[in-house]
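Reproduced below: data14.cif, with mmCIF, C-alpha atoms and all ligand atoms.
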```
data_query
#
loop_
_atom_site.label_atom_id
_atom_site.label_comp_id
_atom_site.auth_asym_id
_atom_site.auth_seq_id
_atom_site.Cartn_x
_atom_site.Cartn_y
_atom_site.Cartn_z
CA MET A 1 6.38 3.70 -24.38
CA ILE A 2 8.00 2.85 -21.04
CA THR A 3 7.67 -0.82 -20.30
CA ASN A 4 9.00 -3.37 -17.88
CA ASN A 5 12.44 -3.22 -19.43
CA ILE A 6 13.69 -0.65 -16.95
CA LEU A 7 13.31 -3.31 -14.22
CA ASN A 8 14.10 -7.01 -14.25
CA HIS A 9 12.07 -9.03 -11.78
CA ARG A 10 14.77 -11.73 -11.72
CA GLU A 11 17.14 -9.24 -10.12
CA LEU A 12 14.71 -8.33 -7.34
CA TYR A 13 13.62 -10.29 -4.28
CA ARG A 14 10.20 -11.85 -4.61
CA LEU A 15 8.48 -11.08 -1.29
CA PRO A 16 7.60 -14.37 0.42
CA TRP A 17 3.99 -13.40 1.16
CA ASN A 18 1.33 -15.89 0.14
CA LEU A 19 -2.31 -16.80 0.78
CA SER A 20 -1.81 -18.58 4.09
CA ASP A 21 1.28 -16.78 5.43
CA ASN A 22 1.31 -13.06 4.82
CA ALA A 23 2.49 -9.81 6.36
CA ILE A 24 -1.03 -8.41 6.55
CA SER A 25 -4.76 -9.03 6.13
CA TRP A 26 -7.57 -6.60 5.44
CA LEU A 27 -10.50 -6.06 7.81
CA GLU A 28 -13.49 -3.84 7.00
CA PRO A 29 -15.54 -3.00 10.10
CA THR A 30 -17.68 -0.57 8.08
CA SER A 31 -18.42 0.45 4.51
CA ALA A 32 -19.41 3.96 5.56
CA CYS A 33 -17.17 6.86 4.69
CA ASN A 34 -17.37 10.64 5.01
CA LEU A 35 -15.52 11.21 1.72
CA ALA A 36 -16.13 9.94 -1.82
CA CYS A 37 -12.66 9.30 -3.24
CA ASP A 38 -12.25 8.84 -6.96
CA GLY A 39 -11.22 5.24 -7.56
CA CYS A 40 -12.48 3.85 -4.23
CA TYR A 41 -13.23 0.13 -4.34
CA ARG A 42 -15.97 0.17 -1.76
CA GLU A 43 -19.56 1.31 -2.09
CA ASN A 44 -20.20 3.92 0.58
CA VAL A 45 -23.05 2.47 2.69
CA LYS A 46 -24.47 4.57 5.49
CA ASP A 47 -25.03 2.78 8.82
CA SER A 48 -23.08 -0.26 7.70
CA HIS A 49 -21.01 -0.61 10.85
CA LYS A 50 -20.58 -4.27 11.73
CA PRO A 51 -21.27 -5.27 15.36
CA LEU A 52 -18.18 -5.98 17.47
CA GLU A 53 -19.03 -9.69 17.70
CA GLU A 54 -19.15 -10.02 13.90
CA ILE A 55 -15.80 -8.26 13.65
CA ARG A 56 -14.36 -10.61 16.27
CA ARG A 57 -15.56 -13.60 14.25
CA GLU A 58 -13.86 -12.18 11.13
CA VAL A 59 -10.58 -11.62 12.98
CA GLU A 60 -10.78 -15.16 14.38
CA LEU A 61 -11.36 -16.48 10.88
CA PHE A 62 -8.29 -14.57 9.63
CA ASP A 63 -6.33 -16.05 12.49
CA LYS A 64 -7.51 -19.56 11.59
CA LEU A 65 -6.84 -19.28 7.85
CA ARG A 66 -3.86 -17.00 7.66
CA ASN A 67 -0.68 -16.32 9.59
CA ALA A 68 -0.47 -12.51 9.50
CA ASP A 69 1.72 -10.04 11.35
CA GLY A 70 -0.74 -7.17 11.06
CA ILE A 71 -4.34 -6.36 10.17
CA SER A 72 -5.20 -3.27 8.15
CA ILE A 73 -8.42 -1.93 9.64
CA ALA A 74 -9.99 -0.29 6.61
CA GLY A 75 -13.44 0.29 5.14
CA GLY A 76 -15.14 2.74 4.52
CA ASP A 77 -13.39 4.85 7.09
CA PRO A 78 -12.83 2.81 10.26
CA LEU A 79 -12.64 5.90 12.47
CA LEU A 80 -16.39 6.38 11.85
CA HIS A 81 -17.06 3.07 13.61
CA PRO A 82 -18.23 3.93 17.14
CA GLU A 83 -16.25 1.00 18.57
CA ILE A 84 -12.96 1.60 16.76
CA VAL A 85 -11.02 1.71 20.03
CA GLU A 86 -12.44 -1.68 21.06
CA ILE A 87 -11.66 -3.13 17.61
CA VAL A 88 -8.04 -2.02 17.91
CA ARG A 89 -7.82 -3.39 21.46
CA MET A 90 -9.30 -6.74 20.42
CA ILE A 91 -6.82 -7.20 17.56
CA HIS A 92 -3.90 -6.11 19.75
CA GLU A 93 -4.92 -8.56 22.48
CA MET A 94 -4.94 -11.36 19.90
CA GLY A 95 -1.25 -10.65 19.28
CA ILE A 96 -1.75 -9.05 15.84
CA LYS A 97 -0.59 -5.52 14.92
CA PRO A 98 -3.62 -3.24 14.34
CA ILE A 99 -2.99 -0.75 11.51
CA VAL A 100 -5.72 1.86 10.97
CA ASN A 101 -6.27 2.84 7.31
CA THR A 102 -8.11 6.14 7.34
CA ASN A 103 -8.58 9.39 5.49
CA GLY A 104 -7.74 11.00 8.85
CA SER A 105 -10.46 13.64 8.73
CA THR A 106 -12.06 12.61 12.05
CA LEU A 107 -8.82 11.93 13.90
CA THR A 108 -8.28 14.03 17.02
CA MET A 109 -5.40 14.00 19.49
CA ASP A 110 -7.71 12.55 22.18
CA LEU A 111 -8.72 9.68 19.91
CA LEU A 112 -5.10 9.11 18.93
CA TYR A 113 -4.07 8.76 22.58
CA GLU A 114 -6.99 6.39 23.21
CA LEU A 115 -6.01 4.27 20.20
CA LYS A 116 -2.41 4.22 21.37
CA LYS A 117 -3.54 2.97 24.78
CA ALA A 118 -5.62 0.30 23.05
CA GLY A 119 -2.52 -0.91 21.18
CA VAL A 120 -2.64 0.69 17.74
CA TYR A 121 0.55 -0.17 15.86
CA GLY A 122 0.31 2.10 12.85
CA PHE A 123 -1.72 4.43 10.70
CA THR A 124 -1.99 4.56 6.94
CA PHE A 125 -3.49 7.87 5.84
CA HIS A 126 -5.10 8.03 2.43
CA VAL A 127 -4.52 11.56 1.16
CA ASP A 128 -4.77 12.61 -2.46
CA SER A 129 -6.24 15.31 -4.65
CA LYS A 130 -9.37 13.47 -5.83
CA GLN A 131 -11.05 12.89 -2.48
CA GLY A 132 -13.26 15.99 -2.40
CA ARG A 133 -12.03 16.96 1.06
CA PRO A 134 -14.21 19.91 2.17
CA LYS A 135 -11.35 22.20 3.28
CA TRP A 136 -8.92 21.07 0.60
CA LYS A 137 -10.96 21.35 -2.59
CA ASN A 138 -8.92 22.14 -5.71
CA LYS A 139 -5.63 21.50 -3.90
CA ASN A 140 -3.10 19.55 -5.90
CA GLU A 141 -0.95 16.68 -4.62
CA ILE A 142 1.86 19.00 -3.68
CA GLU A 143 -0.35 21.44 -1.76
CA LEU A 144 -1.74 18.44 0.14
CA ASN A 145 1.70 17.83 1.64
CA GLU A 146 0.66 20.37 4.26
CA LEU A 147 -2.17 18.05 5.33
CA ARG A 148 0.10 14.99 5.21
CA LEU A 149 2.51 16.77 7.51
CA GLN A 150 -0.28 17.60 9.97
CA TYR A 151 -1.17 13.91 10.29
CA ALA A 152 2.47 12.80 10.49
CA GLU A 153 3.15 15.31 13.26
CA MET A 154 0.05 14.24 15.20
CA VAL A 155 1.20 10.62 15.11
CA ALA A 156 4.77 11.58 15.99
CA GLN A 157 3.54 13.58 18.98
CA VAL A 158 1.97 10.46 20.49
CA GLY A 159 5.16 8.54 19.81
CA ASN A 160 6.37 5.24 18.40
CA ILE A 161 3.47 4.56 16.05
CA SER A 162 4.17 3.65 12.43
CA CYS A 163 3.03 6.35 10.01
CA ALA A 164 2.29 5.59 6.35
CA PHE A 165 0.61 7.53 3.55
CA ASN A 166 -1.08 6.24 0.48
CA SER A 167 -2.05 8.17 -2.57
CA THR A 168 -3.85 7.06 -5.71
CA VAL A 169 -1.89 7.89 -8.88
CA TYR A 170 -3.83 8.99 -11.97
CA GLU A 171 -2.60 9.81 -15.43
CA ASP A 172 -2.76 13.53 -14.60
CA THR A 173 -1.03 13.26 -11.19
CA LEU A 174 1.83 10.98 -12.21
CA GLN A 175 4.10 13.99 -12.62
CA ASP A 176 3.59 14.88 -8.94
CA VAL A 177 4.92 11.56 -7.63
CA PRO A 178 8.60 12.66 -7.46
CA GLU A 179 7.63 15.67 -5.35
CA LEU A 180 5.80 13.36 -2.91
CA VAL A 181 8.81 11.04 -2.84
CA ASP A 182 10.92 14.08 -2.00
CA TRP A 183 8.47 15.23 0.68
CA ALA A 184 8.60 11.78 2.32
CA ALA A 185 12.42 11.89 2.26
CA LYS A 186 12.41 15.23 4.05
CA HIS A 187 10.22 13.68 6.78
CA ILE A 188 11.92 10.31 6.94
CA ASN A 189 12.13 10.67 10.72
CA ILE A 190 8.31 10.63 11.11
CA VAL A 191 7.05 8.94 7.92
CA GLN A 192 7.89 5.26 7.66
CA VAL A 193 6.06 4.28 4.46
CA MET A 194 4.87 6.05 1.31
CA VAL A 195 2.48 4.08 -0.93
CA PHE A 196 1.40 4.91 -4.48
CA ILE A 197 -1.63 2.98 -5.77
CA LEU A 198 -2.24 3.10 -9.50
CA TYR A 199 -5.78 4.02 -10.50
CA ARG A 200 -7.97 1.23 -11.82
CA GLN A 201 -11.65 1.09 -12.85
CA ALA A 202 -13.82 -0.81 -15.28
CA VAL A 203 -14.11 1.64 -18.19
CA PRO A 204 -15.75 1.44 -21.64
CA LYS A 205 -12.45 1.31 -23.51
CA LEU A 206 -11.77 -2.12 -21.99
CA SER A 207 -13.17 -4.20 -24.83
CA PHE A 208 -14.73 -6.94 -22.75
CA ASP A 209 -18.14 -8.30 -22.02
CA TRP A 210 -18.54 -8.84 -18.31
CA TYR A 211 -20.02 -12.12 -17.03
CA ALA A 212 -21.14 -13.31 -13.62
CA GLY A 213 -21.39 -17.05 -14.18
CA ALA A 214 -23.25 -17.44 -17.49
CA THR A 215 -25.01 -14.08 -17.17
CA LYS A 216 -23.80 -10.98 -18.92
CA VAL A 217 -23.79 -8.14 -16.38
CA ASP A 218 -23.67 -4.37 -16.37
CA MET A 219 -20.52 -3.27 -14.58
CA ASN A 220 -22.04 0.16 -13.99
CA ALA A 221 -23.80 -1.45 -11.03
CA LEU A 222 -20.43 -1.42 -9.26
CA VAL A 223 -18.68 1.49 -7.61
CA TYR A 224 -15.49 0.71 -9.51
CA SER A 225 -16.78 1.40 -12.96
CA ASP A 226 -16.59 4.65 -14.86
CA THR A 227 -18.27 5.63 -18.10
CA SER A 228 -15.61 8.14 -19.14
CA ALA A 229 -12.42 7.49 -21.08
CA ARG A 230 -9.70 7.26 -18.47
CA LYS A 231 -6.30 5.62 -18.37
CA VAL A 232 -6.49 2.48 -16.25
CA ASP A 233 -3.32 0.68 -17.23
CA LEU A 234 -0.53 2.72 -15.68
CA LYS A 235 2.27 0.35 -14.64
CA SER A 236 4.75 0.39 -11.74
CA PRO A 237 7.81 0.77 -14.02
CA GLU A 238 6.28 3.96 -15.45
CA VAL A 239 6.11 5.38 -11.93
CA VAL A 240 9.73 4.34 -11.30
CA ALA A 241 10.72 6.06 -14.56
CA GLU A 242 8.93 9.23 -13.43
CA ILE A 243 10.66 9.15 -10.02
CA ARG A 244 14.03 8.59 -11.71
CA LYS A 245 13.66 11.80 -13.70
CA ARG A 246 14.38 13.50 -10.39
CA PHE A 247 16.08 10.77 -8.30
CA SER A 248 18.16 8.84 -10.79
CA ALA A 249 19.44 6.36 -8.17
CA PHE A 250 15.94 5.31 -7.06
CA THR A 251 16.20 1.50 -7.04
CA PRO A 252 13.45 -0.96 -6.08
CA CYS A 253 14.54 -4.13 -4.31
CA ALA A 254 11.52 -6.44 -3.93
CA TYR A 255 8.16 -7.20 -5.51
CA LEU A 256 5.04 -9.30 -5.75
CA ASN A 257 4.31 -10.56 -9.27
CA GLY A 258 0.93 -10.84 -10.98
CA THR A 259 -1.12 -14.03 -10.85
CA GLU A 260 -0.99 -14.08 -14.66
CA ARG A 261 2.30 -12.31 -15.28
CA PRO A 262 5.50 -13.30 -13.46
CA ASP A 263 7.28 -10.19 -14.73
CA HIS A 264 4.71 -7.65 -13.56
CA PHE A 265 5.38 -5.59 -10.43
CA LYS A 266 2.10 -5.62 -8.55
CA TRP A 267 3.72 -4.55 -5.28
CA LEU A 268 7.06 -2.92 -5.89
CA LEU A 269 9.12 -2.07 -2.85
CA THR A 270 11.99 0.40 -2.56
CA GLY A 271 13.80 0.81 0.77
CA ARG A 272 15.98 3.84 1.41
CA VAL A 273 18.16 4.99 4.28
CA GLY A 274 18.89 8.57 5.23
CA THR A 275 18.35 11.62 7.37
CA LYS A 276 15.96 14.51 6.85
CA GLU A 277 18.74 16.25 4.91
CA ARG A 278 20.03 13.46 2.74
CA ILE A 279 19.17 10.01 1.39
CA TYR A 280 22.36 7.92 1.48
CA GLY A 281 21.06 5.18 -0.74
CA TYR A 282 18.77 2.25 -1.39
CA VAL A 283 18.83 -1.21 0.17
CA GLY A 284 19.17 -4.20 -2.11
CA PRO A 285 17.21 -7.45 -2.48
CA LYS A 286 19.36 -9.37 0.02
CA PHE A 287 18.63 -6.82 2.72
CA ILE A 288 14.88 -7.35 2.39
CA GLU A 289 15.31 -11.12 2.15
CA ILE A 290 17.30 -11.15 5.40
CA MET A 291 14.80 -8.88 7.17
CA GLN A 292 11.82 -11.00 6.10
CA THR A 293 13.56 -14.26 6.96
CA MET A 294 14.93 -13.10 10.30
CA HIS A 295 11.54 -11.73 11.31
CA HIS A 296 9.87 -14.99 10.33
CA ILE A 297 12.42 -17.04 12.26
CA GLY A 298 12.12 -14.73 15.27
CA THR A 299 8.35 -14.19 15.40
CA GLY A 300 6.89 -16.76 13.00
CA LYS A 301 5.55 -13.98 10.76
CA TYR A 302 6.50 -11.93 7.72
CA LEU A 303 6.90 -8.21 8.12
CA ALA A 304 5.22 -5.16 6.58
CA TYR A 305 4.94 -2.45 9.23
CA GLU A 306 7.59 -1.47 11.74
CA LYS A 307 7.58 1.16 14.45
CA PRO A 308 9.88 4.20 14.38
CA SER A 309 11.91 2.66 17.24
CA LEU A 310 13.15 0.10 14.68
CA THR A 311 13.19 2.17 11.48
CA ARG A 312 15.46 4.73 13.16
CA LYS A 313 18.14 2.07 13.60
CA GLY A 314 19.71 2.86 10.24
CA ARG A 315 23.22 2.51 11.66
CA SER A 316 22.59 -1.04 12.99
CA MET A 317 21.22 -2.00 9.56
CA MET A 318 24.68 -1.40 8.15
CA LEU A 319 25.83 -4.57 9.91
CA LEU A 320 24.26 -6.30 6.91
CA SER A 321 26.75 -4.57 4.58
CA PRO A 322 28.78 -7.74 3.89
CA LEU A 323 25.60 -9.40 2.57
CA ASP A 324 23.86 -6.66 0.60
CA LYS A 325 25.33 -4.40 -2.03
CA GLY A 326 22.72 -1.70 -1.50
CA ILE A 327 23.29 -1.25 2.23
CA ARG A 328 27.05 -1.49 1.61
CA SER A 329 26.85 1.50 -0.67
CA VAL A 330 24.69 3.35 1.92
CA ALA A 331 27.36 2.62 4.60
CA LYS A 332 30.16 3.87 2.35
CA LYS A 333 28.41 7.16 1.63
CA TYR A 334 27.35 7.59 5.23
CA PHE A 335 30.81 7.06 6.73
CA SER A 336 32.51 9.30 4.20
CA SER A 337 29.99 12.02 5.07
CA ILE A 338 30.89 11.54 8.77
CA LEU A 339 34.55 12.10 7.91
CA THR A 340 33.70 15.46 6.38
CA ASN A 341 31.32 16.41 9.20
CA PRO A 342 31.51 14.28 12.40
CA LEU A 343 28.45 16.07 13.82
CA ARG A 344 26.38 13.97 11.45
CA LEU A 345 27.02 11.04 13.82
CA PHE A 346 24.52 12.58 16.22
CA LYS A 347 21.74 12.70 13.66
CA GLY A 348 19.28 9.81 13.46
CA LEU A 349 19.62 7.54 10.45
CA HIS A 350 16.27 6.19 9.29
CA TYR A 351 14.86 3.51 7.01
CA GLN A 352 11.81 4.32 4.85
CA SER A 353 9.78 2.21 2.40
CA VAL A 354 8.27 3.44 -0.85
CA MET A 355 5.71 0.98 -2.21
CA ILE A 356 4.06 1.14 -5.65
CA ILE A 357 0.90 -0.95 -6.02
CA GLN A 358 -0.39 -1.93 -9.45
CA PRO A 359 -3.86 -3.46 -8.90
CA VAL A 360 -5.81 -5.64 -11.33
CA ASP A 361 -4.55 -5.75 -14.93
CA PHE A 362 -6.91 -6.79 -17.70
CA LEU A 363 -5.08 -8.95 -20.21
CA GLU A 364 -6.18 -9.07 -23.82
CA ASN A 365 -7.06 -12.74 -23.50
CA GLY A 366 -9.65 -11.93 -20.83
CA SER A 367 -7.56 -12.93 -17.80
CA GLN A 368 -7.40 -10.59 -14.87
CA SER A 369 -3.98 -10.49 -13.29
CA MET A 370 -4.18 -9.96 -9.53
CA CYS A 371 -1.42 -9.51 -6.94
CA ASP A 372 0.09 -12.93 -6.38
CA GLY A 373 0.23 -13.30 -2.60
CA CYS A 374 -2.31 -10.51 -2.15
CA PRO A 375 -1.73 -8.89 1.26
CA ASP A 376 -5.15 -7.21 1.23
CA MET A 377 -7.31 -10.30 1.38
CA THR A 378 -10.50 -9.79 3.34
CA VAL A 379 -13.19 -12.11 4.67
CA TRP A 380 -16.40 -12.83 2.78
CA ASN A 381 -18.81 -15.65 3.66
CA GLY A 382 -16.12 -17.51 5.57
CA GLU A 383 -13.50 -17.22 2.84
CA LEU A 384 -10.52 -15.05 2.00
CA VAL A 385 -11.22 -12.84 -1.02
CA TRP A 386 -9.58 -9.91 -2.82
CA SER A 387 -10.78 -6.76 -1.06
CA CYS A 388 -10.38 -4.72 -4.28
CA ARG A 389 -13.07 -6.82 -5.99
CA LEU A 390 -15.44 -7.50 -3.11
CA GLU A 391 -18.28 -5.52 -4.73
CA GLU A 392 -18.54 -8.24 -7.41
CA LEU A 393 -19.31 -10.81 -4.72
CA LYS A 394 -21.71 -8.48 -2.97
CA HIS A 395 -23.66 -7.65 -6.15
CA PHE A 396 -23.39 -10.77 -8.27
CA GLY A 397 -22.38 -13.50 -5.81
CA CYS A 398 -19.26 -14.42 -7.78
CA TRP A 399 -16.23 -12.88 -9.49
CA VAL A 400 -16.99 -11.14 -12.76
CA ARG A 401 -15.16 -12.66 -15.72
CA THR A 402 -13.95 -10.56 -18.62
CA VAL A 403 -14.63 -12.01 -22.04
CA PRO A 404 -12.96 -10.34 -25.04
CA MET A 405 -15.64 -8.79 -27.27
CA ASP A 406 -13.89 -10.05 -30.38
CA GLY A 407 -14.22 -13.59 -28.99
CA VAL A 408 -10.51 -14.23 -29.39
CA CYS A 409 -8.94 -15.86 -26.36
CA ASN A 410 -5.34 -15.78 -27.47
CA LEU A 411 -3.25 -17.09 -24.60
CA ASN A 412 -0.24 -15.23 -25.91
CA ALA A 413 -2.01 -11.89 -25.86
CA LYS A 414 -0.60 -9.58 -23.22
CA VAL A 415 -1.97 -6.44 -21.70
CA ASN A 416 -0.62 -3.49 -23.68
CA LYS A 417 2.29 -5.73 -24.65
CA GLY A 418 3.91 -4.25 -21.49
S1 LIG B 1 -5.19 -8.16 -5.49
FE1 LIG B 1 -6.41 -6.34 -5.11
S2 LIG B 1 -6.76 -6.41 -2.89
FE2 LIG B 1 -5.03 -7.73 -3.32
S3 LIG B 1 -3.25 -6.43 -3.03
FE3 LIG B 1 -3.76 -6.42 -5.22
S4 LIG B 1 -5.03 -4.62 -5.44
FE4 LIG B 1 -4.99 -5.08 -3.26
#
```

Translate this structure into structure tokens?
Ligand code: SF4
Amino acid sequence: MITNNILNHRELYRLPWNLSDNAISWLEPTSACNLACDGCYRENVKDSHKPLEEIRREVELFDKLRNADGISIAGGDPLLHPEIVEIVRMIHEMGIKPIVNTNGSTLTMDLLYELKKAGVYGFTFHVDSKQGRPKWKNKNEIELNELRLQYAEMVAQVGNISCAFNSTVYEDTLQDVPELVDWAAKHINIVQVMVFILYRQAVPKLSFDWYAGATKVDMNALVYSDTSARKVDLKSPEVVAEIRKRFSAFTPCAYLNGTERPDHFKWLLTGRVGTKERIYGYVGPKFIEIMQTMHHIGTGKYLAYEKPSLTRKGRSMMLLSPLDKGIRSVAKKYFSSILTNPLRLFKGLHYQSVMIIQPVDFLENGSQSMCDGCPDMTVWNGELVWSCRLEELKHFGCWVRTVPMDGVCNLNAKVNKG
């Protein structure tokens, strides 16, 4: 079994994001969606668009409680909200970067230009093979690269908007991850971020009773439960191991730990530098530490999304070579490649992030390990809450606790011993 031992969290940079000072926050203007993705955390509710004034109050609450560089405008699919342009404008005018998280199916060039005018900073497109997309049924992850490219080219055509993709990873699609990593490398000039989110659901094989307060509840009431036997404990190091089968040098540099496990990689970041033809290497922990710190000193905020006008400055990033081993190695490879072919000097050198997200882990002792410094906190009844578990609050009014069926609460018990 592949476990954490291929990565040591003490050798990586712990991202500085926390509850009150974070790179992003998570806004949901609607719970309505035109797709039904496997593994979605949100119940699809027709006509659930929030009025603009309610959305403004939520953004103001974020601003009061949390220093955030950007807001992910998610849902549901936010492009279904009739006032999406106004939502983007409002967030932009408050000095926060609006990032639209969408399945992309209703995006047109006209809407894209309107959103650009309103101040959109970036898009994150959710594209994977278990979304039931009408024109893409039975297409595998690799065939869906054609659709990813369509969205990336649309965004690139408008110009200087960050473009990210996220894809849920299931037991049976894990083997496709390296191909997606390769696809992103080949489009490093127009794709800034690639995100892999590991599939999680409440399934019968989790041997817990579920309690809301003192009441035992039926988790099947929630959208994130499944009655079939599915793997729900894939870990970030397993994805890294899969990627390394093809890209042996693939090296993460930063992470967020679990609330219950310091050595778990809940958000695992890899930064690479290259051209469409070649990846020169991977930045190291110091590089990310300097970028986060400099951005915080310069703007007062931590950083998650950057525009292509910055990510294409791969050559300037090499100024950090004396301080970071990773970027030093990139510089060495890059300049020796220039010596063999000076024309390479005229090609853009780009930075790209690959993020692996490992959501809730159920530990044997009944604890649920969340992302420590969760970037995707949303607003619920005036408070910041985990967006991935919001349905528990909506249905039961509180978080659902997991109680081991065997009644043993062994504090030393660990999830899958991994
Ligand atoms: S705790 Fe949940 S909402 Fe927060 S980042 Fe992790 S998976 Fe996302």

*Could you report the residues within 9 Å of ligand LIG 1 (chain B), using only C-alpha atoms and all ligand atoms, as a VMD selection string?*
chain A and resid 26 197 258 to 259 266 to 267 357 to 360 369 to 378 385 to 390

Determine the axis-aligned bounding box of all atoms of region 189-205 of chain A present in the file, pad each side by 4 Å, and express its centre and edge lengths in Å to one decimal place as lines of an AutoDock Vina configuration file.
```
center_x = -1.8
center_y = 4.9
center_z = -6.2
size_x = 35.9
size_y = 19.5
size_z = 42.6
```

Please tell me which residues are no farther than 12 Å from (10.5, 0.8, -15.9) in the file, counting all atoms listed in the file, and write them as a CSV table (one decimal) with C-alpha atoms, in the coordinates of the input.
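Result saved to selection02.csv:
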```
chain,number,residue,atom,x,y,z
A,1,MET,CA,6.4,3.7,-24.4
A,2,ILE,CA,8.0,2.8,-21.0
A,3,THR,CA,7.7,-0.8,-20.3
A,4,ASN,CA,9.0,-3.4,-17.9
A,5,ASN,CA,12.4,-3.2,-19.4
A,6,ILE,CA,13.7,-0.6,-17.0
A,7,LEU,CA,13.3,-3.3,-14.2
A,8,ASN,CA,14.1,-7.0,-14.2
A,9,HIS,CA,12.1,-9.0,-11.8
A,234,LEU,CA,-0.5,2.7,-15.7
A,235,LYS,CA,2.3,0.4,-14.6
A,236,SER,CA,4.8,0.4,-11.7
A,237,PRO,CA,7.8,0.8,-14.0
A,238,GLU,CA,6.3,4.0,-15.4
A,239,VAL,CA,6.1,5.4,-11.9
A,240,VAL,CA,9.7,4.3,-11.3
A,241,ALA,CA,10.7,6.1,-14.6
A,242,GLU,CA,8.9,9.2,-13.4
A,243,ILE,CA,10.7,9.2,-10.0
A,244,ARG,CA,14.0,8.6,-11.7
A,245,LYS,CA,13.7,11.8,-13.7
A,250,PHE,CA,15.9,5.3,-7.1
A,251,THR,CA,16.2,1.5,-7.0
A,252,PRO,CA,13.4,-1.0,-6.1
A,263,ASP,CA,7.3,-10.2,-14.7
A,264,HIS,CA,4.7,-7.6,-13.6
A,265,PHE,CA,5.4,-5.6,-10.4
A,268,LEU,CA,7.1,-2.9,-5.9
A,418,GLY,CA,3.9,-4.2,-21.5
```

Excluding Ser20 (chain A) and any residue of its chain fewer than 3 positions from it, enumerate the residues within 7 Å of it, using all atoms listed in the file, and give them as an mmCIF file with C-alpha atoms, in the frame of the given file.
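Now in selection.cif:
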```
data_model
loop_
_atom_site.group_PDB
_atom_site.id
_atom_site.type_symbol
_atom_site.label_atom_id
_atom_site.label_comp_id
_atom_site.auth_asym_id
_atom_site.auth_seq_id
_atom_site.Cartn_x
_atom_site.Cartn_y
_atom_site.Cartn_z
ATOM 1 C CA LEU A 65 -6.840 -19.280 7.850
ATOM 2 C CA ARG A 66 -3.860 -17.000 7.660
ATOM 3 C CA ASN A 67 -0.680 -16.320 9.590
#
```

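Distances here use only C-alpha atoms; by that measure, the residue among A:Arg315, A:Lys130, A:Lys116, A:Arg261 closest to Ser367 (chain A) is A:Arg261.
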
*Neighbour list for Ile55 (chain A) as an NGL selection string, cut-off 8 Å, only C-alpha atoms, skip fewer than 4 positions in-chain*: :A and (29 or 50-51 or 59 or 87)

_So that I can check the surroundings of region 300-311 of chain A, please list as a ChimeraX atom specification every protein, DNA and RNA residue that reaches within 6 Å of it, counting all atoms listed in the file and ignoring chain neighbours fewer than 5 positions away._
/A:23,69,160-162,292,350-351

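Considering only C-alpha atoms, the residue among A:Asp128, A:Glu391, A:Asp209, A:Glu289 positioned nearest to Glu146 (chain A) is A:Asp128.
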
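The set of protein, DNA and RNA residues with any counted atom at most 10 Å from (-18.4, -14.2, 1.3) (only C-alpha atoms) reads Thr378, Val379, Trp380, Asn381, Gly382, Glu383, Leu384, Val385, Leu390, Leu393, Lys394, Gly397 and Cys398 of chain A.
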
*Return the single residue from A:Asp176, A:Asp77, A:Glu58, A:Glu83 that is closest to Cys33 (chain A), with distances computed using all atoms listed in the file.*
A:Asp77

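For the pair CA of Gly271 (chain A) and CA of Val283 (chain A), the interatomic distance is 5.5 Å.
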
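Here CA of Ala214 (chain A) is placed at a distance of 23.6 Å from CA of Thr227 (chain A).
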
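As for CA of Lys333 (chain A) and CA of Gly281 (chain A), they are spaced 8.0 Å apart.
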